[in-house]
Amino acid sequence: MAVKSETGAKGAEIVKMKYIKFNHKKGQCSEDALDIRMNYGNKVEVPEWQSEGSAKDLGGKDAALQKASTPNYPAAYSIKNIEGKTITIKVFFECKKKLRSVKIRAGGGGILGGIKEQTITLNQENIIKLEQQKIAGRGITKEKATWNWEFSIDGKEWQKLPSTSHVIYVVLDIPKSPWNLKEELKKPWADVLELACSWASGQKDLNNAFNAIKRNLWNLLDQNHFFYVVGDKASYVKGNTFNCSQFLKDLYKVKRNINRFDCLAIVTALANSLGYESKGLEKLILWERSDLSHYVTRARWKPNPINTGKGIDDYVIIDKDPKDYYDTIAFHSTDRSQSEGIKALQTFHQEERKWSDLGYHFVINGSGTIYEGREIHIKGCHVAGANTGKIGISMMGNFQDKGFFRNLVDDELTSPTTQQMLSLKQLVRVVDCNYWIDKAGGHRDFDSSRQCPGDNAYPILVRHQLINLAESKEKDTLTDGYSLK
Ligand SMILES: [Zn+2]
């Protein structure tokens with residue numbers, strides 16, 4: 001017979017870690033982990049970690065998450081609830097020999113911190129304090145924390161046990177509606193925390209977290225992972241339900257159209273899972289003008305005075321909330337240079353056309369700079385006889401054969417630039433989220449005598465899904481307390 005050596009493998013046969021519970025106090029989260037689910041269809045089972053043989057397959061739909069946490073379930077902590085408090089876990093070590101207790105300790109642990117040497121009772125649950133945890137320090141985060149466990153019998157040499165790894169999500173505060181920790185089906189999903197903690201990683205303030213979520217969705221739209229469409233053609237919102245499972249499944253894989261309700265649902269579901277509380281969905285303006293990186297206000301480009309006296313347009317001041325007045329976007333081209341100065345265009349409209357001001361509400365040049373044109377509370381002058389309710393957006397450039405209807409071309413025939421199209425798409429989202437637009441079309445769609453915005457531009461607008469003339473009869477809505485599936 002060989003002499004017994006105290007190797008790690010041998011040690012594991014004497015004392016074995018059976019399970020670890022993170023969320024061990026139901027309904028509380030000031031001492032332990034939050035109540036969460038995996039996703040719509042799957043619960044998180046406690047104990048979250050079990051030794052091989054007793055662990056069940058996760059069965060989650062998100063392959064990446066499953067890989068990261070198989071065969072164990074993740075845990076989540078709220079910084080606001082645990083900061084300055086002692087967090088505990090419950091562990092169970094079993095021993096087939098007639099030992100009553102051993103000393104244990106664990107190095108590593110990442111943000112959960114190491115576990116200092118202490119005596120535990122075998123074959124029953126023990127509460128362990130995480131005295132070295134650093135959960136609050138990094139703000140919102142997702143981490144794979146690994147403990148390297150050891151035990152010692154009667155103060156003799158330390159013997160290694162298998163390491164345990166745990167996916168830990170850290171949010172800023174208790175998740176808010178549509179999440180509700182008290183109802184099983186509304187507990188925040190690990191699949192959502194996975195995305196939210198990644199998009200808002202490192203944020204320590206709820207407003208910044210919200211903005212980070214918004215910016216990441218914005219980037220997805222800029223990169224054409226989804227096509228933003230105006231009007232009531234939501235892909236993920238039906239009635240007052242957000243199909244979050246489908247959104248997560250499509251993400252980075254399937255290009256669907258999404259609209260303002262989808263964006264509201266996505267941003268609030270993600271941001272609220274981190275503890276943010278939207279201040280009433282109806283009033284939430286998702287995109288602010290400051291989200292437009294190349295936006296130049298009138299104050300910055302210093303326009304000529306408004307020609308109120310002798311303009312042929314009436315300079316009509318809209319006497320209601322612009323959100324209730326506008327329902328349509330009309331796309332134009334200027335038929336002039338793609339690099340024209342905005343003030344030259346204004347002067348042309350005022351002096352040649354005899355208008356009070358620029359006819360359009362927004363103008364985008366070939367470099368993608370967006371200029372504030374006519375102020376939004378003034379009725380536009382861009383579709384003859386049919387300006388009511390229409391926001392005019394014009395791209396600088398001549399996108400039709402020279403001199404196609406006014407002989408005003410002073411630039412070569414061209415096409416919208418990539419930057420111009422990117423800015424246009426961003427502007428359409430801002431305008432739609434602020435004014436709730438039903439329809440968007442080219443000038444030619446509203447006046448068949450016009451070719452504007454030109455044959456070199458119109459098909460590009462179509463390709464980017466910016467033209468939407470079919471107004472849906474079904475109105476999507478999304479109110480506070482929407483439900484998820
Ligand atoms: Zn036009």
# chains A, B, ... in the order shown; residues from 1 in each chain; ligands from 1
call {"tool": "residues_near_ligand", "arguments": {"ligand": "ligand 1", "cutoff": "9 Å", "atoms": "only C-alpha atoms and all ligand atoms", "output": "list of chain:residue names"}}
result
A:Ala330, A:Phe331, A:His332, A:Ser333, A:Thr334, A:Asp335, A:His382, A:Val383, A:Gly392, A:Ile393, A:Ser394, A:Gly442, A:His443, A:Arg444, A:Arg450, A:Gln451, A:Cys452, A:Pro453, A:Gly454
call {"tool": "write_last_selection", "arguments": {"atoms": "N, CA and C atoms", "output": "CSV table (one decimal), in the first residue's frame"}}
result
chain,number,residue,atom,x,y,z
A,330,ALA,N,-41.4,65.7,-43.9
A,330,ALA,CA,-41.2,65.8,-45.3
A,330,ALA,C,-39.7,65.9,-45.6
A,331,PHE,N,-39.1,65.0,-46.4
A,331,PHE,CA,-37.7,65.1,-46.7
A,331,PHE,C,-37.5,65.9,-48.0
A,332,HIS,N,-36.5,66.8,-48.0
A,332,HIS,CA,-36.2,67.6,-49.2
A,332,HIS,C,-34.7,67.6,-49.5
A,333,SER,N,-34.4,68.1,-50.6
A,333,SER,CA,-33.0,68.5,-50.9
A,333,SER,C,-33.0,70.0,-51.3
A,334,THR,N,-31.8,70.6,-51.1
A,334,THR,CA,-31.8,72.1,-51.3
A,334,THR,C,-31.6,72.4,-52.8
A,335,ASP,N,-31.2,71.4,-53.7
A,335,ASP,CA,-30.8,71.7,-55.1
A,335,ASP,C,-29.6,72.6,-55.2
A,382,HIS,N,-42.4,74.5,-47.0
A,382,HIS,CA,-41.6,73.6,-47.8
A,382,HIS,C,-42.4,72.6,-48.6
A,383,VAL,N,-43.7,72.5,-48.4
A,383,VAL,CA,-44.6,71.7,-49.3
A,383,VAL,C,-45.8,72.7,-49.6
A,392,GLY,N,-40.2,70.0,-41.9
A,392,GLY,CA,-39.4,69.9,-43.1
A,392,GLY,C,-37.9,69.7,-42.7
A,393,ILE,N,-37.3,68.6,-43.3
A,393,ILE,CA,-35.9,68.3,-43.1
A,393,ILE,C,-35.3,68.3,-44.5
A,394,SER,N,-34.3,69.1,-44.7
A,394,SER,CA,-33.6,69.1,-46.0
A,394,SER,C,-32.2,68.8,-46.0
A,442,GLY,N,-40.9,61.7,-48.9
A,442,GLY,CA,-40.2,62.7,-49.6
A,442,GLY,C,-41.2,63.8,-50.1
A,443,HIS,N,-40.7,65.0,-50.4
A,443,HIS,CA,-41.5,66.1,-50.9
A,443,HIS,C,-42.4,65.6,-52.0
A,444,ARG,N,-41.8,64.7,-52.9
A,444,ARG,CA,-42.6,64.2,-54.1
A,444,ARG,C,-43.8,63.3,-53.6
A,450,ARG,N,-43.5,67.5,-58.0
A,450,ARG,CA,-42.1,67.7,-57.6
A,450,ARG,C,-41.3,66.4,-57.7
A,451,GLN,N,-40.0,66.5,-58.0
A,451,GLN,CA,-39.1,65.4,-58.0
A,451,GLN,C,-38.3,65.3,-56.7
A,452,CYS,N,-38.3,66.4,-55.9
A,452,CYS,CA,-37.6,66.6,-54.7
A,452,CYS,C,-37.9,65.4,-53.7
A,453,PRO,N,-37.0,64.7,-53.0
A,453,PRO,CA,-35.6,65.1,-52.9
A,453,PRO,C,-34.6,64.7,-54.0
A,454,GLY,N,-35.1,64.1,-55.1
A,454,GLY,CA,-34.3,63.7,-56.2
A,454,GLY,C,-34.1,62.2,-56.3
call {"tool": "select_by_dssp", "arguments": {"residues": "region 220-338 of chain A", "states": "helix (DSSP H, G or I)", "output": "JSON, numbers by chain"}}
result
{"A": [220, 221, 222, 244, 245, 246, 247, 248, 249, 250, 260, 261, 262, 263, 264, 265, 266, 267, 268, 269, 270, 271, 272, 273, 281, 282, 283, 289, 290, 291, 298, 299, 300, 301, 322, 323, 324, 325]}
call {"tool": "select_by_dssp", "arguments": {"residues": "region 366-479 of chain A", "states": "strand (DSSP E or B)", "output": "PDB file with N, CA and C atoms, in the first residue's frame"}}
result
ATOM      1  N   ILE A 370     -25.927  69.157 -38.633  1.00  0.00           N
ATOM      2  CA  ILE A 370     -27.375  69.420 -38.634  1.00  0.00           C
ATOM      3  C   ILE A 370     -27.589  70.844 -38.140  1.00  0.00           C
ATOM      4  N   TYR A 371     -28.243  71.668 -38.953  1.00  0.00           N
ATOM      5  CA  TYR A 371     -28.536  73.041 -38.544  1.00  0.00           C
ATOM      6  C   TYR A 371     -29.992  73.169 -38.140  1.00  0.00           C
ATOM      7  N   GLU A 372     -30.220  73.871 -37.049  1.00  0.00           N
ATOM      8  CA  GLU A 372     -31.588  74.227 -36.698  1.00  0.00           C
ATOM      9  C   GLU A 372     -32.039  75.275 -37.699  1.00  0.00           C
ATOM     10  N   ILE A 378     -42.785  77.450 -35.330  1.00  0.00           N
ATOM     11  CA  ILE A 378     -43.279  78.210 -36.486  1.00  0.00           C
ATOM     12  C   ILE A 378     -43.589  77.216 -37.607  1.00  0.00           C
ATOM     13  N   LYS A 390     -46.423  69.465 -40.893  1.00  0.00           N
ATOM     14  CA  LYS A 390     -45.229  68.849 -41.494  1.00  0.00           C
ATOM     15  C   LYS A 390     -43.929  69.494 -41.001  1.00  0.00           C
ATOM     16  N   ILE A 391     -43.036  68.658 -40.531  1.00  0.00           N
ATOM     17  CA  ILE A 391     -41.688  69.107 -40.194  1.00  0.00           C
ATOM     18  C   ILE A 391     -40.838  68.928 -41.449  1.00  0.00           C
ATOM     19  N   GLY A 392     -40.176  69.987 -41.870  1.00  0.00           N
ATOM     20  CA  GLY A 392     -39.355  69.931 -43.076  1.00  0.00           C
ATOM     21  C   GLY A 392     -37.895  69.688 -42.740  1.00  0.00           C
ATOM     22  N   ILE A 393     -37.333  68.619 -43.311  1.00  0.00           N
ATOM     23  CA  ILE A 393     -35.912  68.316 -43.130  1.00  0.00           C
ATOM     24  C   ILE A 393     -35.287  68.279 -44.517  1.00  0.00           C
ATOM     25  N   SER A 394     -34.254  69.076 -44.722  1.00  0.00           N
ATOM     26  CA  SER A 394     -33.642  69.131 -46.046  1.00  0.00           C
ATOM     27  C   SER A 394     -32.170  68.753 -45.995  1.00  0.00           C
ATOM     28  N   MET A 395     -31.755  67.983 -47.001  1.00  0.00           N
ATOM     29  CA  MET A 395     -30.338  67.669 -47.143  1.00  0.00           C
ATOM     30  C   MET A 395     -29.747  68.603 -48.188  1.00  0.00           C
ATOM     31  N   LYS A 439     -46.166  59.702 -40.085  1.00  0.00           N
ATOM     32  CA  LYS A 439     -45.785  59.440 -41.477  1.00  0.00           C
ATOM     33  C   LYS A 439     -44.498  60.182 -41.820  1.00  0.00           C
ATOM     34  N   ALA A 440     -43.726  59.618 -42.742  1.00  0.00           N
ATOM     35  CA  ALA A 440     -42.564  60.318 -43.258  1.00  0.00           C
ATOM     36  C   ALA A 440     -42.433  60.006 -44.741  1.00  0.00           C
ATOM     37  N   GLY A 441     -42.228  61.037 -45.540  1.00  0.00           N
ATOM     38  CA  GLY A 441     -42.099  60.813 -46.975  1.00  0.00           C
ATOM     39  C   GLY A 441     -41.270  61.910 -47.621  1.00  0.00           C
ATOM     40  N   GLY A 442     -40.932  61.702 -48.885  1.00  0.00           N
ATOM     41  CA  GLY A 442     -40.231  62.739 -49.636  1.00  0.00           C
ATOM     42  C   GLY A 442     -41.214  63.821 -50.068  1.00  0.00           C
ATOM     43  N   ASN A 468     -42.198  56.138 -44.666  1.00  0.00           N
ATOM     44  CA  ASN A 468     -43.316  55.355 -44.120  1.00  0.00           C
ATOM     45  C   ASN A 468     -44.606  56.148 -44.313  1.00  0.00           C
TER      46      ASN A 468
END
call {"tool": "residues_around", "arguments": {"residues": "region 264-271 of chain A", "least_positions_apart": "6", "cutoff": "8 Å", "atoms": "only C-alpha atoms", "output": "list in words"}}
result
Ser177, Pro178, Trp179, Val192, Leu193, Leu195, Ala196, Ala209, Phe210, Ile213, Lys214, Leu217, Val237, Phe242, Cys244, Glu277, Ser278, Leu281, Leu286 and Leu478 of chain A
call {"tool": "write_last_selection", "arguments": {"atoms": "N, CA and C atoms", "output": "PDB file, in the first residue's frame"}}
result
ATOM      1  N   SER A 177     -40.241  49.150 -11.780  1.00  0.00           N
ATOM      2  CA  SER A 177     -41.203  48.699 -12.784  1.00  0.00           C
ATOM      3  C   SER A 177     -40.608  48.783 -14.206  1.00  0.00           C
ATOM      4  N   PRO A 178     -40.789  47.787 -15.066  1.00  0.00           N
ATOM      5  CA  PRO A 178     -41.719  46.649 -14.998  1.00  0.00           C
ATOM      6  C   PRO A 178     -41.253  45.513 -14.097  1.00  0.00           C
ATOM      7  N   TRP A 179     -40.156  45.693 -13.399  1.00  0.00           N
ATOM      8  CA  TRP A 179     -39.652  44.640 -12.513  1.00  0.00           C
ATOM      9  C   TRP A 179     -40.279  44.813 -11.130  1.00  0.00           C
ATOM     10  N   VAL A 192     -31.510  40.074 -18.864  1.00  0.00           N
ATOM     11  CA  VAL A 192     -31.593  41.531 -18.997  1.00  0.00           C
ATOM     12  C   VAL A 192     -30.442  42.190 -18.235  1.00  0.00           C
ATOM     13  N   LEU A 193     -30.154  41.682 -17.025  1.00  0.00           N
ATOM     14  CA  LEU A 193     -29.030  42.236 -16.251  1.00  0.00           C
ATOM     15  C   LEU A 193     -27.715  42.067 -17.006  1.00  0.00           C
ATOM     16  N   LEU A 195     -27.203  42.252 -20.181  1.00  0.00           N
ATOM     17  CA  LEU A 195     -27.071  43.320 -21.175  1.00  0.00           C
ATOM     18  C   LEU A 195     -26.966  44.690 -20.503  1.00  0.00           C
ATOM     19  N   ALA A 196     -27.816  44.929 -19.505  1.00  0.00           N
ATOM     20  CA  ALA A 196     -27.825  46.236 -18.841  1.00  0.00           C
ATOM     21  C   ALA A 196     -26.492  46.505 -18.136  1.00  0.00           C
ATOM     22  N   ALA A 209     -26.269  56.001 -15.796  1.00  0.00           N
ATOM     23  CA  ALA A 209     -26.571  54.631 -16.232  1.00  0.00           C
ATOM     24  C   ALA A 209     -27.655  54.659 -17.304  1.00  0.00           C
ATOM     25  N   PHE A 210     -28.692  55.450 -17.060  1.00  0.00           N
ATOM     26  CA  PHE A 210     -29.781  55.595 -18.042  1.00  0.00           C
ATOM     27  C   PHE A 210     -29.221  56.094 -19.375  1.00  0.00           C
ATOM     28  N   ILE A 213     -27.270  53.435 -21.260  1.00  0.00           N
ATOM     29  CA  ILE A 213     -28.172  52.469 -21.914  1.00  0.00           C
ATOM     30  C   ILE A 213     -28.705  53.070 -23.211  1.00  0.00           C
ATOM     31  N   LYS A 214     -29.154  54.316 -23.098  1.00  0.00           N
ATOM     32  CA  LYS A 214     -29.715  55.024 -24.252  1.00  0.00           C
ATOM     33  C   LYS A 214     -28.669  55.130 -25.375  1.00  0.00           C
ATOM     34  N   LEU A 217     -28.109  51.818 -27.196  1.00  0.00           N
ATOM     35  CA  LEU A 217     -29.185  51.507 -28.146  1.00  0.00           C
ATOM     36  C   LEU A 217     -29.046  52.381 -29.389  1.00  0.00           C
ATOM     37  N   VAL A 237     -43.346  45.862 -29.150  1.00  0.00           N
ATOM     38  CA  VAL A 237     -44.422  46.311 -28.267  1.00  0.00           C
ATOM     39  C   VAL A 237     -45.758  46.036 -28.934  1.00  0.00           C
ATOM     40  N   PHE A 242     -44.262  44.340 -23.673  1.00  0.00           N
ATOM     41  CA  PHE A 242     -42.968  44.414 -24.351  1.00  0.00           C
ATOM     42  C   PHE A 242     -42.412  42.994 -24.464  1.00  0.00           C
ATOM     43  N   CYS A 244     -39.702  41.331 -24.577  1.00  0.00           N
ATOM     44  CA  CYS A 244     -38.273  41.484 -24.268  1.00  0.00           C
ATOM     45  C   CYS A 244     -37.491  40.237 -24.691  1.00  0.00           C
ATOM     46  N   GLU A 277     -35.616  54.848 -12.256  1.00  0.00           N
ATOM     47  CA  GLU A 277     -37.074  54.865 -12.300  1.00  0.00           C
ATOM     48  C   GLU A 277     -37.502  55.932 -13.282  1.00  0.00           C
ATOM     49  N   SER A 278     -38.054  55.502 -14.431  1.00  0.00           N
ATOM     50  CA  SER A 278     -38.478  56.484 -15.429  1.00  0.00           C
ATOM     51  C   SER A 278     -39.612  57.308 -14.849  1.00  0.00           C
ATOM     52  N   LEU A 281     -43.667  57.109 -18.408  1.00  0.00           N
ATOM     53  CA  LEU A 281     -43.244  56.812 -19.780  1.00  0.00           C
ATOM     54  C   LEU A 281     -43.762  57.822 -20.784  1.00  0.00           C
ATOM     55  N   LEU A 286     -36.957  60.351 -24.875  1.00  0.00           N
ATOM     56  CA  LEU A 286     -35.806  59.471 -24.955  1.00  0.00           C
ATOM     57  C   LEU A 286     -34.572  60.159 -25.508  1.00  0.00           C
ATOM     58  N   LEU A 478     -47.712  52.426 -24.644  1.00  0.00           N
ATOM     59  CA  LEU A 478     -46.861  51.843 -23.616  1.00  0.00           C
ATOM     60  C   LEU A 478     -47.014  52.749 -22.414  1.00  0.00           C
TER      61      LEU A 478
END
call {"tool": "residues_around", "arguments": {"residues": "region 81-95 of chain A", "least_positions_apart": "5", "cutoff": "9 Å", "atoms": "only C-alpha atoms", "output": "PyMOL selection string"}}
result
chain A and resi 13-24+29-33+47+100+120-131+133+135-136+172-174
call {"tool": "write_last_selection", "arguments": {"atoms": "N, CA and C atoms", "output": "compact mmCIF listing (two decimals), in the first residue's frame"}}
result
# COMPACT_ATOMS: atom_id res chain seq x y z
N GLU A 13 -11.97 14.32 -1.11
CA GLU A 13 -12.74 13.12 -0.75
C GLU A 13 -13.16 13.13 0.70
N ILE A 14 -12.40 13.81 1.55
CA ILE A 14 -12.72 13.85 2.98
C ILE A 14 -13.82 14.89 3.23
N VAL A 15 -13.59 16.11 2.74
CA VAL A 15 -14.54 17.22 2.93
C VAL A 15 -14.96 17.71 1.55
N LYS A 16 -16.22 17.90 1.36
CA LYS A 16 -16.71 18.29 0.04
C LYS A 16 -17.68 19.47 0.16
N MET A 17 -17.49 20.47 -0.68
CA MET A 17 -18.45 21.58 -0.73
C MET A 17 -19.70 21.07 -1.44
N LYS A 18 -20.85 21.22 -0.80
CA LYS A 18 -22.07 20.71 -1.45
C LYS A 18 -22.84 21.83 -2.15
N TYR A 19 -23.04 22.95 -1.44
CA TYR A 19 -23.73 24.06 -2.12
C TYR A 19 -23.42 25.41 -1.49
N ILE A 20 -23.72 26.47 -2.26
CA ILE A 20 -23.60 27.85 -1.78
C ILE A 20 -24.90 28.57 -2.13
N LYS A 21 -25.45 29.26 -1.13
CA LYS A 21 -26.65 30.08 -1.36
C LYS A 21 -26.27 31.56 -1.27
N PHE A 22 -26.61 32.32 -2.30
CA PHE A 22 -26.39 33.77 -2.27
C PHE A 22 -27.65 34.51 -1.83
N ASN A 23 -28.78 34.11 -2.41
CA ASN A 23 -30.06 34.75 -2.07
C ASN A 23 -30.77 33.85 -1.06
N HIS A 24 -30.31 33.95 0.19
CA HIS A 24 -30.80 32.98 1.18
C HIS A 24 -31.84 33.57 2.12
N CYS A 29 -32.85 42.13 0.78
CA CYS A 29 -31.64 42.21 -0.04
C CYS A 29 -30.60 43.11 0.61
N SER A 30 -30.74 43.36 1.92
CA SER A 30 -29.75 44.20 2.58
C SER A 30 -28.63 43.34 3.16
N GLU A 31 -28.82 42.03 3.12
CA GLU A 31 -27.80 41.16 3.68
C GLU A 31 -27.37 40.11 2.67
N ASP A 32 -28.22 39.92 1.68
CA ASP A 32 -27.92 38.87 0.71
C ASP A 32 -28.26 39.36 -0.70
N ALA A 33 -28.31 38.43 -1.65
CA ALA A 33 -28.51 38.79 -3.05
C ALA A 33 -29.99 39.06 -3.35
N PRO A 47 -30.12 26.67 -3.81
CA PRO A 47 -28.82 27.31 -3.92
C PRO A 47 -28.39 27.54 -5.37
N ARG A 100 -16.74 16.63 13.00
CA ARG A 100 -17.85 17.55 13.27
C ARG A 100 -17.61 18.91 12.63
N ILE A 120 -16.18 25.90 10.57
CA ILE A 120 -17.58 25.64 10.18
C ILE A 120 -17.98 24.23 10.63
N THR A 121 -19.28 24.07 10.81
CA THR A 121 -19.79 22.76 11.20
C THR A 121 -20.10 21.97 9.93
N LEU A 122 -19.66 20.75 9.89
CA LEU A 122 -19.88 19.91 8.71
C LEU A 122 -21.30 19.36 8.69
N ASN A 123 -21.76 19.04 7.48
CA ASN A 123 -23.08 18.42 7.27
C ASN A 123 -24.24 19.28 7.75
N GLN A 124 -24.04 20.58 7.75
CA GLN A 124 -25.17 21.50 7.98
C GLN A 124 -24.83 22.87 7.38
N GLU A 125 -25.87 23.69 7.27
CA GLU A 125 -25.65 25.03 6.69
C GLU A 125 -24.88 25.92 7.64
N ASN A 126 -23.96 26.70 7.09
CA ASN A 126 -23.22 27.68 7.87
C ASN A 126 -23.37 29.04 7.22
N ILE A 127 -23.52 30.05 8.05
CA ILE A 127 -23.54 31.42 7.50
C ILE A 127 -22.12 31.95 7.48
N ILE A 128 -21.72 32.47 6.34
CA ILE A 128 -20.38 33.05 6.21
C ILE A 128 -20.51 34.51 5.85
N LYS A 129 -19.78 35.35 6.59
CA LYS A 129 -19.79 36.79 6.31
C LYS A 129 -18.76 37.10 5.23
N LEU A 130 -19.18 37.91 4.26
CA LEU A 130 -18.22 38.33 3.23
C LEU A 130 -17.59 39.64 3.71
N GLU A 131 -16.60 39.52 4.56
CA GLU A 131 -16.05 40.71 5.21
C GLU A 131 -15.11 41.51 4.32
N GLN A 133 -15.73 42.02 0.99
CA GLN A 133 -16.38 42.31 -0.29
C GLN A 133 -16.15 43.77 -0.73
N ILE A 135 -18.13 45.17 -3.38
CA ILE A 135 -19.20 45.23 -4.38
C ILE A 135 -19.52 46.66 -4.81
N ALA A 136 -19.47 47.59 -3.88
CA ALA A 136 -19.88 48.97 -4.22
C ALA A 136 -18.82 49.72 -5.02
N LEU A 172 -27.40 49.45 -9.15
CA LEU A 172 -27.26 50.57 -8.22
C LEU A 172 -28.34 50.60 -7.15
N ASP A 173 -29.55 50.14 -7.51
CA ASP A 173 -30.66 50.20 -6.55
C ASP A 173 -31.62 49.06 -6.88
N ILE A 174 -32.63 48.91 -6.06
CA ILE A 174 -33.65 47.88 -6.32
C ILE A 174 -34.27 48.11 -7.70
call {"tool": "closest_residue", "arguments": {"among": "A:Ser356, A:Asn72, A:Ser51, A:Asn456", "to": "Lys379 (chain A)", "atoms": "only C-alpha atoms"}}
result
A:Ser356
call {"tool": "atom_distance", "arguments": {"atom1": "CA of Gly380 (chain A)", "atom2": "CA of Gly359 (chain A)"}}
result
5.8 Å
call {"tool": "residues_around", "arguments": {"residues": "Tyr77 (chain A)", "least_positions_apart": "3", "cutoff": "7 Å", "atoms": "only C-alpha atoms", "output": "PyMOL selection string"}}
result
chain A and resi 33-34+169-171
call {"tool": "residues_around", "arguments": {"residues": "Ala457 (chain A)", "least_positions_apart": "6", "cutoff": "7 Å", "atoms": "only C-alpha atoms", "output": "list in words"}}
result
Phe399, Ser415 and Pro416 of chain A
call {"tool": "write_last_selection", "arguments": {"atoms": "C-alpha atoms", "output": "PDB file, in the first residue's frame"}}
result
ATOM      1  CA  PHE A 399     -29.727  64.877 -56.152  1.00  0.00           C
ATOM      2  CA  SER A 415     -25.798  61.799 -53.832  1.00  0.00           C
ATOM      3  CA  PRO A 416     -26.303  62.089 -50.073  1.00  0.00           C
TER       4      PRO A 416
END
